[in-house]
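S.K.: What follows is protein_33.txt; its format and atoms are compact mmCIF, C-alpha atoms.
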# COMPACT_ATOMS: atom_id res chain seq x y z
CA MET E 1 -4.41 37.51 -97.38
CA HIS E 2 -7.07 35.09 -98.66
CA LYS E 3 -8.87 35.93 -101.83
CA PRO E 4 -12.66 36.17 -101.53
CA LEU E 5 -14.58 33.16 -102.79
CA PRO E 6 -16.18 33.43 -106.22
CA LYS E 7 -19.76 34.68 -106.08
CA THR E 8 -21.27 31.37 -107.21
CA LEU E 9 -19.24 29.46 -104.63
CA ARG E 10 -20.25 31.88 -101.88
CA ALA E 11 -23.91 31.36 -102.77
CA LEU E 12 -23.49 27.59 -102.73
CA THR E 13 -21.73 27.73 -99.33
CA TYR E 14 -24.55 29.87 -97.92
CA CYS E 15 -27.20 27.41 -99.15
CA ILE E 16 -25.37 24.45 -97.62
CA THR E 17 -24.90 26.28 -94.31
CA PHE E 18 -28.57 27.29 -94.22
CA ALA E 19 -29.70 23.76 -95.02
CA ILE E 20 -27.52 22.30 -92.26
CA SER E 21 -28.65 24.85 -89.66
CA GLY E 22 -32.26 24.49 -90.76
CA THR E 23 -32.08 20.73 -90.29
CA ALA E 24 -30.57 21.17 -86.84
CA LEU E 25 -33.36 23.51 -85.83
CA ALA E 26 -36.20 21.54 -87.38
CA GLN E 27 -38.61 20.04 -84.86
CA GLU E 28 -40.25 16.67 -85.25
CA LYS E 29 -43.98 17.34 -85.13
CA ILE E 30 -46.27 14.71 -83.62
CA ASP E 31 -49.99 14.46 -82.93
CA PHE E 32 -51.12 13.71 -79.39
CA MET E 33 -54.75 12.76 -78.81
CA PHE E 34 -56.24 13.42 -75.40
CA PRO E 35 -59.76 12.49 -74.23
CA ALA E 36 -61.17 15.65 -72.68
CA PRO E 37 -64.84 15.92 -71.73
CA VAL E 38 -66.78 19.17 -71.95
CA ASP E 39 -65.16 20.16 -68.65
CA GLY E 40 -62.84 22.86 -69.96
CA LYS E 41 -60.41 22.86 -67.05
CA LEU E 42 -58.83 19.53 -68.00
CA THR E 43 -58.39 20.76 -71.56
CA MET E 44 -56.75 23.98 -70.39
CA GLU E 45 -54.44 22.13 -68.01
CA MET E 46 -53.32 19.66 -70.67
CA THR E 47 -52.77 22.58 -73.05
CA ARG E 48 -50.47 24.06 -70.41
CA VAL E 49 -48.62 20.73 -70.01
CA ILE E 50 -48.09 20.44 -73.77
CA LYS E 51 -46.84 24.04 -74.00
CA ALA E 52 -44.45 23.48 -71.09
CA PHE E 53 -42.99 20.47 -72.87
CA ASN E 54 -42.71 22.26 -76.22
CA ASP E 55 -40.99 25.22 -74.54
CA SER E 56 -38.58 22.98 -72.61
CA GLN E 57 -36.73 21.66 -75.66
CA LYS E 58 -36.20 22.22 -79.40
CA GLU E 59 -36.37 18.69 -80.84
CA VAL E 60 -40.09 17.92 -80.64
CA GLU E 61 -43.27 19.89 -81.22
CA VAL E 62 -46.45 18.27 -79.87
CA ARG E 63 -49.82 19.15 -81.31
CA GLY E 64 -52.63 18.42 -78.85
CA ILE E 65 -55.90 17.11 -80.30
CA PHE E 66 -58.76 16.98 -77.82
CA THR E 67 -61.11 14.18 -78.68
CA GLY E 68 -64.06 13.95 -76.28
CA SER E 69 -64.95 10.71 -74.49
CA TYR E 70 -62.80 7.59 -74.25
CA ASP E 71 -64.99 5.83 -76.81
CA THR E 72 -64.78 8.79 -79.21
CA THR E 73 -61.01 8.97 -78.75
CA LYS E 74 -60.68 5.33 -79.80
CA MET E 75 -62.78 5.91 -82.93
CA LYS E 76 -60.91 9.09 -83.90
CA ALA E 77 -57.49 7.51 -83.42
CA GLU E 78 -58.46 4.48 -85.50
CA SER E 79 -59.91 6.74 -88.22
CA ALA E 80 -56.73 8.83 -88.31
CA GLN E 81 -54.64 5.68 -88.70
CA LYS E 82 -56.82 4.41 -91.56
CA ALA E 83 -56.45 7.82 -93.24
CA GLY E 84 -52.66 7.46 -93.14
CA GLN E 85 -52.16 9.96 -90.30
CA PRO E 86 -51.70 7.81 -87.19
CA PRO E 87 -51.29 9.69 -83.91
CA ALA E 88 -47.87 9.21 -82.35
CA LEU E 89 -49.30 9.14 -78.84
CA VAL E 90 -52.82 8.77 -77.44
CA ILE E 91 -54.18 8.83 -73.91
CA MET E 92 -56.44 5.80 -74.38
CA SER E 93 -58.86 4.14 -72.00
CA ALA E 94 -56.73 1.50 -70.28
CA ASN E 95 -59.13 -1.33 -71.06
CA PHE E 96 -58.91 -0.72 -74.83
CA THR E 97 -55.29 -1.87 -74.96
CA THR E 98 -56.15 -5.56 -75.45
CA ASP E 99 -58.60 -5.00 -78.30
CA LEU E 100 -56.25 -2.56 -80.08
CA ALA E 101 -53.33 -4.99 -79.74
CA LEU E 102 -55.36 -7.97 -80.97
CA LYS E 103 -56.34 -5.93 -84.03
CA ASP E 104 -52.67 -5.01 -84.60
CA GLU E 105 -53.40 -1.28 -84.46
CA ILE E 106 -50.91 -0.19 -81.79
CA LEU E 107 -47.16 -0.61 -81.37
CA PRO E 108 -45.45 -2.65 -78.69
CA MET E 109 -43.94 -0.04 -76.39
CA ASP E 110 -40.43 -1.33 -77.01
CA GLU E 111 -40.69 0.33 -80.44
CA LEU E 112 -40.54 3.63 -78.54
CA PHE E 113 -38.31 2.51 -75.69
CA GLN E 114 -35.50 1.57 -78.09
CA TYR E 115 -34.63 5.26 -77.84
CA GLY E 116 -34.16 5.06 -74.08
CA ASP E 117 -32.00 3.05 -71.71
CA LYS E 118 -34.46 0.37 -70.60
CA LYS E 119 -37.09 -2.05 -71.89
CA ALA E 120 -40.74 -1.01 -71.66
CA GLY E 121 -41.62 -4.08 -69.61
CA ASP E 122 -38.89 -3.35 -67.08
CA PHE E 123 -40.04 0.26 -66.82
CA LEU E 124 -43.63 -0.87 -66.25
CA GLN E 125 -42.71 -3.52 -63.67
CA ASN E 126 -40.31 -1.36 -61.68
CA GLU E 127 -41.89 2.08 -61.75
CA PHE E 128 -45.67 1.59 -61.62
CA TRP E 129 -48.15 0.23 -59.08
CA PRO E 130 -48.70 -3.52 -59.67
CA ALA E 131 -52.47 -3.13 -60.14
CA MET E 132 -51.93 -1.21 -63.40
CA ARG E 133 -49.71 -3.77 -65.11
CA LYS E 134 -52.32 -6.23 -66.37
CA ASN E 135 -54.18 -3.66 -68.48
CA ALA E 136 -50.90 -2.45 -70.01
CA GLN E 137 -49.76 -5.84 -71.28
CA VAL E 138 -51.24 -8.33 -73.75
CA MET E 139 -49.88 -11.88 -73.88
CA GLY E 140 -46.82 -10.71 -71.96
CA VAL E 141 -46.02 -7.82 -74.33
CA THR E 142 -46.16 -4.24 -73.03
CA TYR E 143 -48.38 -2.16 -75.31
CA ALA E 144 -49.20 0.74 -72.99
CA ILE E 145 -47.73 2.87 -70.23
CA PRO E 146 -50.19 4.02 -67.51
CA PHE E 147 -50.84 7.78 -67.41
CA HIS E 148 -53.63 8.44 -64.92
CA ASN E 149 -55.71 5.95 -63.03
CA SER E 150 -58.73 5.62 -60.83
CA THR E 151 -60.90 3.27 -58.83
CA PRO E 152 -64.52 3.73 -57.82
CA ILE E 153 -64.90 5.26 -54.38
CA LEU E 154 -67.80 6.23 -52.16
CA TYR E 155 -68.43 9.96 -51.84
CA TYR E 156 -70.72 10.94 -48.98
CA ASN E 157 -72.25 14.02 -47.39
CA LYS E 158 -70.76 14.18 -43.89
CA THR E 159 -73.33 16.72 -42.74
CA MET E 160 -76.23 14.47 -43.75
CA PHE E 161 -74.52 11.55 -42.05
CA GLU E 162 -74.28 13.48 -38.77
CA GLN E 163 -77.91 14.60 -38.99
CA ALA E 164 -78.99 10.98 -39.57
CA GLY E 165 -76.89 9.73 -36.67
CA ILE E 166 -74.51 7.74 -38.92
CA LYS E 167 -71.10 7.52 -37.28
CA GLN E 168 -68.95 6.19 -40.14
CA PRO E 169 -69.21 5.32 -43.84
CA PRO E 170 -70.65 1.86 -44.61
CA GLN E 171 -68.20 -1.03 -44.67
CA ASN E 172 -70.46 -3.57 -46.41
CA TRP E 173 -73.65 -3.79 -48.45
CA LYS E 174 -75.83 -4.35 -45.39
CA GLU E 175 -74.60 -1.14 -43.77
CA LEU E 176 -74.83 0.67 -47.12
CA LEU E 177 -78.50 -0.20 -47.40
CA GLU E 178 -79.24 0.70 -43.79
CA ASP E 179 -77.53 4.08 -44.18
CA ALA E 180 -79.23 4.78 -47.51
CA LYS E 181 -82.64 4.25 -45.90
CA LYS E 182 -81.79 6.72 -43.11
CA LEU E 183 -80.65 9.30 -45.66
CA THR E 184 -83.67 8.98 -47.98
CA ASP E 185 -86.56 11.43 -47.61
CA GLN E 186 -88.68 11.47 -50.74
CA SER E 187 -90.86 14.29 -49.36
CA LYS E 188 -87.75 16.49 -49.66
CA GLY E 189 -86.59 14.93 -52.91
CA GLN E 190 -83.65 13.50 -50.98
CA TRP E 191 -82.06 10.17 -51.93
CA GLY E 192 -79.78 7.86 -50.00
CA ILE E 193 -77.54 6.75 -52.85
CA MET E 194 -77.03 7.00 -56.61
CA LEU E 195 -74.92 4.90 -59.01
CA PRO E 196 -74.19 5.83 -62.64
CA SER E 197 -75.80 3.39 -65.08
CA THR E 198 -74.91 4.90 -68.47
CA ASN E 199 -73.53 2.84 -71.37
CA ASP E 200 -70.48 5.06 -71.80
CA ASP E 201 -68.45 2.67 -69.61
CA TYR E 202 -69.41 4.26 -66.30
CA GLY E 203 -72.29 1.87 -65.74
CA GLY E 204 -70.30 -1.23 -66.64
CA TRP E 205 -67.32 -0.11 -64.58
CA ILE E 206 -69.33 0.45 -61.39
CA PHE E 207 -71.30 -2.74 -61.99
CA SER E 208 -68.13 -4.80 -62.42
CA SER E 209 -66.99 -3.47 -59.05
CA LEU E 210 -70.18 -4.78 -57.43
CA VAL E 211 -69.76 -8.16 -59.11
CA ARG E 212 -66.25 -8.53 -57.73
CA ALA E 213 -67.37 -7.33 -54.28
CA ASN E 214 -70.03 -10.04 -54.50
CA GLY E 215 -67.27 -12.62 -54.88
CA GLY E 216 -67.36 -13.08 -58.65
CA ASN E 217 -65.29 -12.52 -61.76
CA TYR E 218 -66.70 -10.20 -64.40
CA PHE E 219 -64.42 -11.45 -67.16
CA ASN E 220 -61.49 -13.79 -67.75
CA GLU E 221 -58.35 -11.76 -66.98
CA ASN E 222 -56.15 -14.20 -68.90
CA TYR E 223 -58.23 -14.79 -72.02
CA PRO E 224 -60.03 -11.96 -73.86
CA GLY E 225 -62.83 -14.17 -75.19
CA GLU E 226 -64.79 -14.88 -72.00
CA VAL E 227 -67.13 -12.86 -69.80
CA TYR E 228 -69.27 -14.09 -66.92
CA TYR E 229 -72.44 -12.05 -67.33
CA ASN E 230 -74.82 -14.89 -66.42
CA ALA E 231 -72.90 -16.12 -63.37
CA PRO E 232 -74.71 -16.16 -59.98
CA THR E 233 -72.45 -13.44 -58.59
CA THR E 234 -73.28 -11.16 -61.53
CA ILE E 235 -77.01 -11.81 -61.24
CA GLY E 236 -76.83 -11.15 -57.49
CA ALA E 237 -75.14 -7.78 -58.02
CA LEU E 238 -77.75 -6.87 -60.62
CA ARG E 239 -80.52 -7.77 -58.18
CA PHE E 240 -78.92 -5.66 -55.44
CA TRP E 241 -78.89 -2.66 -57.81
CA GLN E 242 -82.50 -3.15 -58.89
CA ASP E 243 -83.71 -3.72 -55.31
CA MET E 244 -82.22 -0.41 -54.16
CA ILE E 245 -84.57 1.26 -56.65
CA TYR E 246 -87.83 -0.68 -56.53
CA LYS E 247 -87.77 -2.62 -53.24
CA ASP E 248 -85.77 -0.46 -50.84
CA LYS E 249 -86.58 2.82 -52.63
CA VAL E 250 -83.31 4.54 -51.76
CA MET E 251 -82.35 5.43 -55.35
CA PRO E 252 -84.42 6.91 -58.20
CA SER E 253 -85.35 4.74 -61.17
CA GLY E 254 -84.01 5.21 -64.66
CA VAL E 255 -80.53 5.57 -66.11
CA LEU E 256 -78.46 8.05 -64.10
CA ASN E 257 -75.40 9.81 -65.47
CA SER E 258 -72.53 11.29 -63.50
CA LYS E 259 -73.69 14.88 -64.08
CA GLN E 260 -77.13 14.18 -62.61
CA ILE E 261 -75.53 12.46 -59.64
CA SER E 262 -73.00 15.20 -58.92
CA ALA E 263 -75.68 17.90 -59.29
CA ALA E 264 -77.90 16.12 -56.76
CA PHE E 265 -74.94 15.70 -54.45
CA PHE E 266 -73.86 19.36 -54.60
CA SER E 267 -77.43 20.50 -53.94
CA GLY E 268 -77.51 18.53 -50.69
CA LYS E 269 -80.17 16.13 -51.98
CA LEU E 270 -77.98 13.01 -52.06
CA GLY E 271 -76.29 11.18 -49.21
CA MET E 272 -73.91 8.85 -51.09
CA ALA E 273 -72.57 8.35 -54.60
CA MET E 274 -70.33 5.75 -56.18
CA LEU E 275 -68.12 7.63 -58.62
CA SER E 276 -64.52 7.68 -59.82
CA THR E 277 -61.53 8.91 -57.85
CA GLY E 278 -60.85 10.85 -61.04
CA ALA E 279 -63.77 13.09 -60.04
CA LEU E 280 -62.18 14.03 -56.71
CA GLY E 281 -60.91 17.41 -57.88
CA PHE E 282 -64.32 18.26 -59.34
CA MET E 283 -66.18 17.04 -56.23
CA ARG E 284 -63.84 18.87 -53.89
CA GLU E 285 -64.11 22.14 -55.79
CA ASN E 286 -67.90 22.14 -56.07
CA THR E 287 -68.91 20.95 -52.59
CA LYS E 288 -69.73 24.27 -50.91
CA ASP E 289 -72.41 23.90 -48.23
CA PHE E 290 -71.35 20.74 -46.43
CA GLU E 291 -68.29 18.62 -45.72
CA LEU E 292 -67.28 16.10 -48.38
CA GLY E 293 -66.47 12.59 -47.20
CA VAL E 294 -64.60 9.93 -49.17
CA ALA E 295 -64.45 6.23 -48.30
CA MET E 296 -63.53 2.85 -49.74
CA MET E 297 -66.15 0.95 -51.69
CA PRO E 298 -68.20 -1.27 -49.33
CA ALA E 299 -67.61 -5.02 -49.38
CA GLN E 300 -70.06 -7.89 -49.71
CA GLU E 301 -68.13 -11.17 -49.92
CA GLN E 302 -64.89 -9.20 -50.26
CA ARG E 303 -63.49 -5.74 -50.90
CA ALA E 304 -62.83 -5.27 -54.58
CA VAL E 305 -62.45 -2.40 -57.05
CA PRO E 306 -61.55 -2.29 -60.75
CA ILE E 307 -58.75 -0.12 -62.06
CA GLY E 308 -59.92 2.64 -64.36
CA GLY E 309 -58.34 5.56 -66.14
CA ALA E 310 -56.06 5.73 -69.13
CA SER E 311 -52.73 4.70 -70.59
CA LEU E 312 -50.47 6.03 -73.30
CA VAL E 313 -50.42 4.05 -76.54
CA SER E 314 -48.78 4.64 -79.92
CA PHE E 315 -50.44 3.74 -83.20
CA LYS E 316 -48.78 1.75 -85.95
CA GLY E 317 -47.70 3.64 -89.05
CA ILE E 318 -45.56 6.36 -87.49
CA ASN E 319 -41.94 6.64 -88.67
CA ASP E 320 -38.76 6.25 -86.62
CA ALA E 321 -38.39 9.98 -85.99
CA GLN E 322 -41.96 10.13 -84.68
CA LYS E 323 -41.33 7.11 -82.45
CA LYS E 324 -38.33 8.86 -80.93
CA ALA E 325 -40.34 12.04 -80.42
CA ALA E 326 -43.23 10.10 -78.91
CA TYR E 327 -40.84 8.43 -76.47
CA GLN E 328 -39.49 11.81 -75.41
CA PHE E 329 -42.98 13.20 -74.74
CA LEU E 330 -44.21 9.99 -73.08
CA THR E 331 -41.37 9.96 -70.56
CA TYR E 332 -42.10 13.62 -69.82
CA LEU E 333 -45.80 12.91 -69.17
CA VAL E 334 -45.13 10.04 -66.77
CA SER E 335 -42.21 11.69 -64.97
CA PRO E 336 -42.86 11.86 -61.22
CA GLU E 337 -43.07 15.66 -61.27
CA VAL E 338 -45.45 16.07 -64.23
CA ASN E 339 -47.56 13.02 -63.44
CA GLY E 340 -47.80 14.02 -59.79
CA ALA E 341 -48.93 17.53 -60.70
CA TRP E 342 -51.59 16.10 -63.05
CA SER E 343 -52.79 13.84 -60.22
CA ARG E 344 -53.14 16.77 -57.83
CA PHE E 345 -55.00 18.81 -60.42
CA THR E 346 -57.49 16.14 -61.52
CA GLY E 347 -57.99 13.77 -58.60
CA TYR E 348 -56.79 10.73 -60.55
CA PHE E 349 -54.07 8.94 -58.65
CA SER E 350 -50.64 8.78 -60.21
CA PRO E 351 -49.69 5.31 -61.46
CA ARG E 352 -46.01 6.28 -61.14
CA LYS E 353 -44.92 5.26 -57.65
CA ALA E 354 -42.13 7.83 -57.48
CA ALA E 355 -44.66 10.65 -57.81
CA TYR E 356 -45.51 10.07 -54.15
CA ASP E 357 -41.88 10.59 -53.12
CA THR E 358 -41.95 14.23 -54.24
CA ALA E 359 -42.27 16.96 -51.63
CA GLU E 360 -45.28 18.40 -53.43
CA MET E 361 -47.21 15.13 -53.30
CA LYS E 362 -46.37 14.51 -49.66
CA GLU E 363 -47.68 17.97 -48.77
CA TYR E 364 -50.80 17.42 -50.90
CA LEU E 365 -51.71 14.18 -49.11
CA LYS E 366 -51.04 15.83 -45.77
CA GLN E 367 -53.41 18.67 -46.64
CA ASP E 368 -56.11 16.38 -48.09
CA PRO E 369 -55.94 12.75 -46.90
CA ARG E 370 -59.02 11.95 -48.99
CA ALA E 371 -56.73 11.72 -51.99
CA ALA E 372 -55.03 8.70 -50.42
CA ILE E 373 -58.18 6.55 -50.38
CA ALA E 374 -57.58 5.31 -53.92
CA LEU E 375 -54.05 4.25 -53.01
CA GLU E 376 -55.34 2.40 -49.95
CA GLN E 377 -57.80 0.55 -52.20
CA LEU E 378 -55.06 -0.69 -54.54
CA GLN E 379 -54.53 -3.72 -52.32
CA TYR E 380 -58.05 -4.79 -53.37
CA ALA E 381 -57.76 -3.75 -57.02
CA HIS E 382 -58.13 -5.96 -60.07
CA PRO E 383 -57.75 -5.24 -63.80
CA TRP E 384 -60.37 -3.33 -65.74
CA TYR E 385 -62.41 -5.63 -67.97
CA SER E 386 -60.83 -5.91 -71.39
CA THR E 387 -61.88 -8.28 -74.15
CA TYR E 388 -61.96 -8.72 -77.87
CA GLU E 389 -64.40 -6.04 -79.12
CA THR E 390 -64.31 -4.43 -75.68
CA VAL E 391 -66.75 -1.57 -76.36
CA ALA E 392 -69.50 -3.71 -77.88
CA VAL E 393 -69.08 -6.48 -75.31
CA ARG E 394 -69.20 -3.89 -72.53
CA LYS E 395 -72.38 -2.34 -73.90
CA ALA E 396 -74.08 -5.75 -74.10
CA MET E 397 -74.28 -5.69 -70.30
CA GLU E 398 -74.70 -1.93 -69.94
CA ASP E 399 -77.80 -2.04 -72.15
CA GLN E 400 -79.28 -4.74 -69.93
CA LEU E 401 -78.36 -2.74 -66.82
CA ALA E 402 -80.36 0.13 -68.30
CA ALA E 403 -83.33 -2.21 -68.80
CA VAL E 404 -83.15 -3.39 -65.18
CA VAL E 405 -83.06 0.12 -63.69
CA ASN E 406 -85.84 1.34 -65.99
CA ASP E 407 -88.34 -1.49 -65.37
CA GLU E 408 -88.75 -3.65 -62.27
CA LYS E 409 -90.44 -6.30 -64.42
CA VAL E 410 -87.15 -7.04 -66.18
CA THR E 411 -85.59 -9.77 -64.07
CA PRO E 412 -81.85 -9.85 -63.39
CA GLU E 413 -81.78 -13.44 -64.68
CA ALA E 414 -83.31 -12.52 -68.04
CA ALA E 415 -81.08 -9.45 -68.38
CA ALA E 416 -77.93 -11.42 -67.59
CA GLU E 417 -78.83 -14.17 -70.05
CA ALA E 418 -79.46 -11.67 -72.85
CA ALA E 419 -76.18 -9.85 -72.14
CA GLN E 420 -74.23 -13.12 -72.12
CA LYS E 421 -75.75 -14.25 -75.41
CA GLU E 422 -74.90 -10.98 -77.15
CA ALA E 423 -71.37 -10.90 -75.73
CA ASP E 424 -70.68 -14.50 -76.78
CA THR E 425 -71.82 -13.69 -80.32
CA LEU E 426 -69.52 -10.67 -80.48
CA MET E 427 -66.51 -12.62 -79.23
CA LYS E 428 -67.20 -15.73 -81.31
CA PRO E 429 -64.71 -14.94 -84.13
CA TYR E 430 -61.86 -14.60 -81.66
CA VAL E 431 -62.92 -17.68 -79.65
CA GLU E 432 -63.15 -19.84 -82.77
CA LYS E 433 -59.77 -18.60 -83.96
CA THR E 434 -58.08 -19.31 -80.63
CA ALA E 435 -59.72 -21.43 -77.93
CA LEU E 436 -61.77 -23.55 -80.31
CA GLN E 437 -59.11 -23.89 -82.99
CA ALA E 438 -58.26 -27.49 -83.81
CA VAL E 439 -54.72 -28.58 -83.06
CA LYS E 440 -52.87 -29.47 -86.27
Starting from the coordinates I provided, produce the structure as structure tokens.

M.R.:
Amino acid sequence: MHKPLPKTLRALTYCITFAISGTALAQEKIDFMFPAPVDGKLTMEMTRVIKAFNDSQKEVEVRGIFTGSYDTTKMKAESAQKAGQPPALVIMSANFTTDLALKDEILPMDELFQYGDKKAGDFLQNEFWPAMRKNAQVMGVTYAIPFHNSTPILYYNKTMFEQAGIKQPPQNWKELLEDAKKLTDQSKGQWGIMLPSTNDDYGGWIFSSLVRANGGNYFNENYPGEVYYNAPTTIGALRFWQDMIYKDKVMPSGVLNSKQISAAFFSGKLGMAMLSTGALGFMRENTKDFELGVAMMPAQEQRAVPIGGASLVSFKGINDAQKKAAYQFLTYLVSPEVNGAWSRFTGYFSPRKAAYDTAEMKEYLKQDPRAAIALEQLQYAHPWYSTYETVAVRKAMEDQLAAVVNDEKVTPEAAAEAAQKEADTLMKPYVEKTALQAVK
């Protein structure tokens, strides 16, 4: 028979056992920033996703921090990093990746993927739609993994189309203008078309789509120090926008935001709207008194749409344990099942190709083929504009767009020249450091 351990030894053994078991049960806690607008449903759904992940395992505890707009999310994440509390994972506007990487604020994704069985670049190349890759990489290095994506699409009121004798959605700008005139009745407060022109990225995003449709390039996809704001194709797109207001009178003047546009649409006072595929769930749910139509963006010289949406990035300053935890949560978020469910809930299309192989997604597309329009447009998709000082450079044109829609006396030429001058000034430090640097 063994003698009982001395009291002091028993106490020491208990402490060691407790410490070991406590360590085994300890969860690595990480902060996850998510851009949620005032629309509470997205916040509630992401809260559910986070809880499902936390409940599914014992190694990681994710704390969701809901941060407002994409621009606000960028500012809050950068502020947290400067304060010594960098977020381990952030759903960041996809076109911020370049600027954040150039400023050395985010980690190359391989820092997280070292805890998996593949390189981040291989994962990106093999598992995601090709159109998303450019915005996820900077100088060949993968800094982001796509989470949810969008393109602009044309929403239209099928009932108004039938009443106006319009047989199909417009395929080009000429048909768009003709249809908008048929749908406009100012005596009823009814407009043919509306486009968002705010400087929160919506205006610049839609405008860049028109520039590309007009045959132009909005920015240099391979060098983040050049934009083409004063190019003929840009000026032509700006003139088309202004003419729809003051010459053709099919759209109201002034800066329009997405809430104004959707409210007009739901009330039956708007025939067509260019908005994001990410709004599909919202548009579908709130269209009550008529049939909602969805179509590709009309062409001019070509069909073209920019990629939008967001990617997952990780900020520098987190420790190895947080990197491992971030990798675990990231791979959960972009798994075909979770990412596909998020796509069906929001209207964003899933960037993960395998999401469309699931039975749930196949049934969803069968029930609502409108959700497939964004996928059909991917063959015409190009990267979202991303530059050094992306937000400020973007707003240089958005501010001039606002001037053009507010005052018919502001010429597209003058607006484009002013936007180009401001953008060049903002990008000058990067250009001088790179393109204009003397060879030694």

S.K.: Pick the closest to Ser311 of chain E from E:Thr387, E:Thr233, E:Ser350, E:Gln125: which is it, counting all atoms listed in the file?

M.R.: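 Using all atoms listed in the file, Ser311 of chain E sits closest to E:Ser350.
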
S.K.: Rounded to one decimal place, report the atom CA of Arg63 of chain E-atom CA of Pro87 of chain E distance in Å.

M.R.: 9.9 Å

S.K.: What are the centre and the three edge lengths of an axis-aligned box that wraps all atoms of segment 118-131 of chain E in the file, given that 5 Å is added to every side, written as lines of an AutoDock Vina configuration file and rounded to one decimal in Å?

M.R.:
center_x = -43.5
center_y = -1.0
center_z = -65.5
size_x = 28.0
size_y = 16.2
size_z = 22.8

S.K.: E:Leu42, E:Met139, E:Ile235, E:Met244: which is nearest Ala419 of chain E, counting all atoms listed in the file?

M.R.: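 The shortest atom-to-atom distance to Ala419 of chain E comes from E:Ile235.
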
S.K.: Need to verify the contact set: segment 100-112 of chain E, 9 Å, all atoms listed in the file, exclusion of same-chain residues closer than 5 positions in sequence. Can you return it as a list in words?

M.R.: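 These residues fall inside the cut-off: Glu78, Gln81, Lys118, Lys119, Ala120, Gly121, Val138, Val141, Thr142, Tyr143, Ala144, Ile145, Val313, Ser314, Phe315, Lys316, Gly317, Asp320, Lys323, Lys324, Ala325, Ala326, Tyr327, Gln328, Tyr388 and Glu389 of chain E.
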
S.K.: With only C-alpha atoms as the counted atoms, please give the residues lying no more than 10 Å from Ile153 of chain E, apart from itself and same-chain residues fewer than 6 positions off, as a PDB file with C-alpha atoms, in the frame of the given file.

M.R.:
ATOM      1  CA  ILE E 206     -69.330   0.450 -61.390  1.00  0.00           C
ATOM      2  CA  ALA E 273     -72.570   8.350 -54.600  1.00  0.00           C
ATOM      3  CA  MET E 274     -70.330   5.750 -56.180  1.00  0.00           C
ATOM      4  CA  LEU E 275     -68.120   7.630 -58.620  1.00  0.00           C
ATOM      5  CA  SER E 276     -64.520   7.680 -59.820  1.00  0.00           C
ATOM      6  CA  THR E 277     -61.530   8.910 -57.850  1.00  0.00           C
ATOM      7  CA  GLY E 278     -60.850  10.850 -61.040  1.00  0.00           C
ATOM      8  CA  ALA E 279     -63.770  13.090 -60.040  1.00  0.00           C
ATOM      9  CA  LEU E 280     -62.180  14.030 -56.710  1.00  0.00           C
ATOM     10  CA  VAL E 294     -64.600   9.930 -49.170  1.00  0.00           C
ATOM     11  CA  ALA E 295     -64.450   6.230 -48.300  1.00  0.00           C
ATOM     12  CA  MET E 296     -63.530   2.850 -49.740  1.00  0.00           C
ATOM     13  CA  MET E 297     -66.150   0.950 -51.690  1.00  0.00           C
ATOM     14  CA  PRO E 298     -68.200  -1.270 -49.330  1.00  0.00           C
ATOM     15  CA  VAL E 305     -62.450  -2.400 -57.050  1.00  0.00           C
ATOM     16  CA  ILE E 373     -58.180   6.550 -50.380  1.00  0.00           C
ATOM     17  CA  ALA E 374     -57.580   5.310 -53.920  1.00  0.00           C
ATOM     18  CA  GLN E 377     -57.800   0.550 -52.200  1.00  0.00           C
TER      19      GLN E 377
END
